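Coordinates as given in my_file-v5.tsv (TSV, C-alpha atoms):
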```
chain	number	residue	atom	x	y	z
A	1	MET	CA	0.00	0.00	0.00
A	2	GLY	CA	1.48	3.34	-1.04
A	3	ASN	CA	-0.03	5.21	1.89
A	4	LYS	CA	1.83	3.30	4.62
A	5	PHE	CA	4.16	6.20	5.43
A	6	ILE	CA	1.23	8.62	5.52
A	7	ILE	CA	-0.62	6.28	7.89
A	8	LEU	CA	2.42	5.96	10.15
A	9	ASN	CA	2.92	9.75	10.17
A	10	LEU	CA	-0.75	10.34	11.05
A	11	LEU	CA	-0.60	7.79	13.86
A	12	THR	CA	2.57	9.44	15.17
A	13	LYS	CA	0.87	12.84	15.01
A	14	LEU	CA	-2.14	11.50	16.92
A	15	SER	CA	0.03	9.94	19.62
A	16	ASN	CA	2.19	13.09	19.95
A	17	GLU	CA	-0.83	15.40	20.31
A	18	GLN	CA	-2.88	13.15	22.59
A	19	LYS	CA	-1.96	10.85	25.45
A	20	VAL	CA	-2.38	7.72	23.36
A	21	THR	CA	-0.38	4.94	21.82
A	22	TRP	CA	-1.33	2.59	19.01
A	23	ARG	CA	-0.85	-0.96	17.82
A	24	LEU	CA	-1.25	-2.35	14.33
A	25	LYS	CA	-2.11	-6.00	13.83
A	26	SER	CA	-3.27	-8.25	11.05
A	27	LEU	CA	-6.76	-9.66	11.51
A	28	TYR	CA	-7.01	-11.74	8.36
A	29	THR	CA	-4.98	-12.70	5.33
A	30	ASN	CA	-5.68	-15.20	2.56
A	31	GLY	CA	-2.22	-15.10	0.97
A	32	GLN	CA	-3.52	-13.32	-2.13
A	33	ASP	CA	-3.10	-9.68	-1.11
A	34	ASN	CA	-6.34	-9.76	0.84
A	35	ASN	CA	-5.24	-8.55	4.26
A	36	LEU	CA	-7.36	-6.85	6.92
A	37	LEU	CA	-5.45	-4.72	9.41
A	38	GLU	CA	-6.64	-3.28	12.71
A	39	ILE	CA	-5.29	-0.18	14.40
A	40	GLN	CA	-5.90	-0.18	18.14
A	41	ILE	CA	-5.67	3.20	19.84
A	42	LEU	CA	-4.93	3.00	23.56
A	43	THR	CA	-4.83	5.61	26.32
A	44	LEU	CA	-1.61	6.26	28.21
A	45	PRO	CA	-0.42	5.23	30.75
A	46	GLU	CA	-3.26	2.76	31.50
A	47	GLU	CA	-3.47	1.42	27.94
A	48	HIS	CA	-7.27	1.25	27.96
A	49	ARG	CA	-8.73	0.80	24.51
A	50	LYS	CA	-9.99	4.11	23.17
A	51	GLY	CA	-10.80	2.87	19.70
A	52	CYS	CA	-10.03	0.61	16.82
A	53	ILE	CA	-10.17	0.97	13.06
A	54	THR	CA	-10.27	-2.01	10.70
A	55	PHE	CA	-9.23	-1.49	7.09
A	56	GLN	CA	-8.17	-3.29	3.91
A	57	ALA	CA	-4.36	-3.19	3.66
A	58	ASP	CA	-4.04	-2.94	-0.13
A	59	THR	CA	-6.83	-0.44	-0.83
A	60	GLY	CA	-7.07	1.44	2.47
A	61	GLU	CA	-10.85	0.92	2.53
A	62	VAL	CA	-12.23	1.28	6.08
A	63	HIS	CA	-14.47	-1.58	7.16
A	64	LYS	CA	-15.23	-0.81	10.80
A	65	VAL	CA	-14.65	2.03	13.27
A	66	GLN	CA	-15.18	2.00	17.01
A	67	TYR	CA	-13.93	5.10	18.79
A	68	LYS	CA	-15.16	6.57	22.08
A	69	GLY	CA	-17.33	9.59	21.45
A	70	PHE	CA	-16.96	9.50	17.66
A	71	SER	CA	-20.39	9.25	16.11
A	72	ASN	CA	-19.78	10.38	12.54
A	73	ALA	CA	-20.02	7.94	9.67
A	74	PRO	CA	-16.64	6.33	8.97
A	75	ALA	CA	-14.58	7.75	6.12
A	76	GLU	CA	-14.10	5.62	3.03
A	77	ASN	CA	-10.31	5.29	3.35
A	78	ILE	CA	-7.89	4.98	6.25
A	79	VAL	CA	-6.05	8.25	5.63
A	80	ASP	CA	-9.28	10.27	5.76
A	81	MET	CA	-10.42	8.28	8.79
A	82	LEU	CA	-7.24	9.06	10.73
A	83	LEU	CA	-7.55	12.74	9.81
A	84	ASP	CA	-11.14	12.66	11.13
A	85	VAL	CA	-9.97	11.10	14.41
A	86	ILE	CA	-7.18	13.68	14.80
A	87	ASN	CA	-9.65	16.54	14.20
A	88	PHE	CA	-12.18	14.94	16.56
A	89	GLU	CA	-9.57	14.76	19.33
A	90	LYS	CA	-8.45	18.36	18.69
A	91	HIS	CA	-12.04	19.60	19.05
A	92	ARG	CA	-12.63	17.52	22.15
A	93	LYS	CA	-9.40	18.82	23.70
A	94	LYS	CA	-10.26	22.40	22.76
A	95	ALA	CA	-13.67	22.02	24.40
A	96	GLY	CA	-11.87	20.98	27.58
A	97	SER	CA	-13.49	17.59	27.76
A	98	THR	CA	-11.27	14.85	29.13
A	99	LYS	CA	-14.16	12.48	29.83
A	100	PRO	CA	-15.41	10.05	27.17
A	101	LEU	CA	-18.50	11.31	25.40
A	102	CYS	CA	-20.21	7.93	25.26
```
Rewrite the structure of this file - the entire thing - as structure tokens.
Amino acid sequence: MGNKFIILNLLTKLSNEQKVTWRLKSLYTNGQDNNLLEIQILTLPEEHRKGCITFQADTGEVHKVQYKGFSNAPAENIVDMLLDVINFEKHRKKAGSTKPLC
């Protein structure tokens, strides 16, 4: 996938701006370039799960999003989805809310 460096940079930006860390793991592969990846976003220092995003590795198509307080429809691709999460966290931080919205 050509966007892997963009994805890594966006995840680094999210973790630098928020008190979170992330993990990337493979959920499924059939050996024929059909690979589903999951990004888990965890709070620091407790490492409670704040959200996860499942996407197609080769196309970047987002399949599933679960993120505390995020109620918008998921973006079509992983880059747009990560940008949405970064903006969501910026607005939540600006509003002064440290509690989960859901």
remark   = Here atom CA of Ile86 of chain A and atom CA of Arg23 of chain A stand apart by 16.2 Å
query = Asp84 of chain A: which residues within 12 Å, counting all atoms listed in the file, same-chain residues fewer than 2 positions away excluded, as a ChimeraX atom specification?
reply = /A:10-11,14,53,65,67,70-82,86-91
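Distances from A:Asn35, A:Thr21, A:Gln66, A:Thr29 to Gly51 of chain A were compared using only C-alpha atoms, and the smallest one belongs to A:Gln66.
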task = Please identify all polymer residues within 12 Å of Asp58 of chain A, counting only C-alpha atoms, omitting same-chain residues fewer than 3 positions from it, and present them as a list in words.
result =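 Counting only the stated atoms, we get Met1, Gly2, Asn3, Lys4, Thr29, Gln32, Asp33, Asn34, Asn35, Leu36, Leu37, Phe55, Glu61, Val62, Asn77 and Ile78 of chain A.
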Near-Thr12 of chain A list (10 Å; all atoms listed in the file; drop same-chain fewer than 6 positions) as a list in words = Ile6, Gln18, Val20, Thr21 and Trp22 of chain A
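Between Ile7 of chain A and the candidates A:Leu24, A:Leu42, A:Lys50, A:Lys93, the tightest atom-to-atom separation, counting all atoms listed in the file, involves A:Leu24.
Counting from atom CA of Arg92 of chain A, the distance to atom CA of Lys25 of chain A is 27.1 Å.
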query = Any idea what the distance is between atom CA of Phe5 of chain A and atom CA of Glu47 of chain A?
reply =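 For atom CA of Phe5 of chain A relative to atom CA of Glu47 of chain A, the distance reads 24.2 Å.
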key: Nearest to Asn9 of chain A, chosen from A:Leu44, A:Leu83, A:Cys52, A:Leu27, with all atoms listed in the file counted in the distances   =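 Nearest candidate to Asn9 of chain A out of A:Leu44, A:Leu83, A:Cys52, A:Leu27: A:Leu83.
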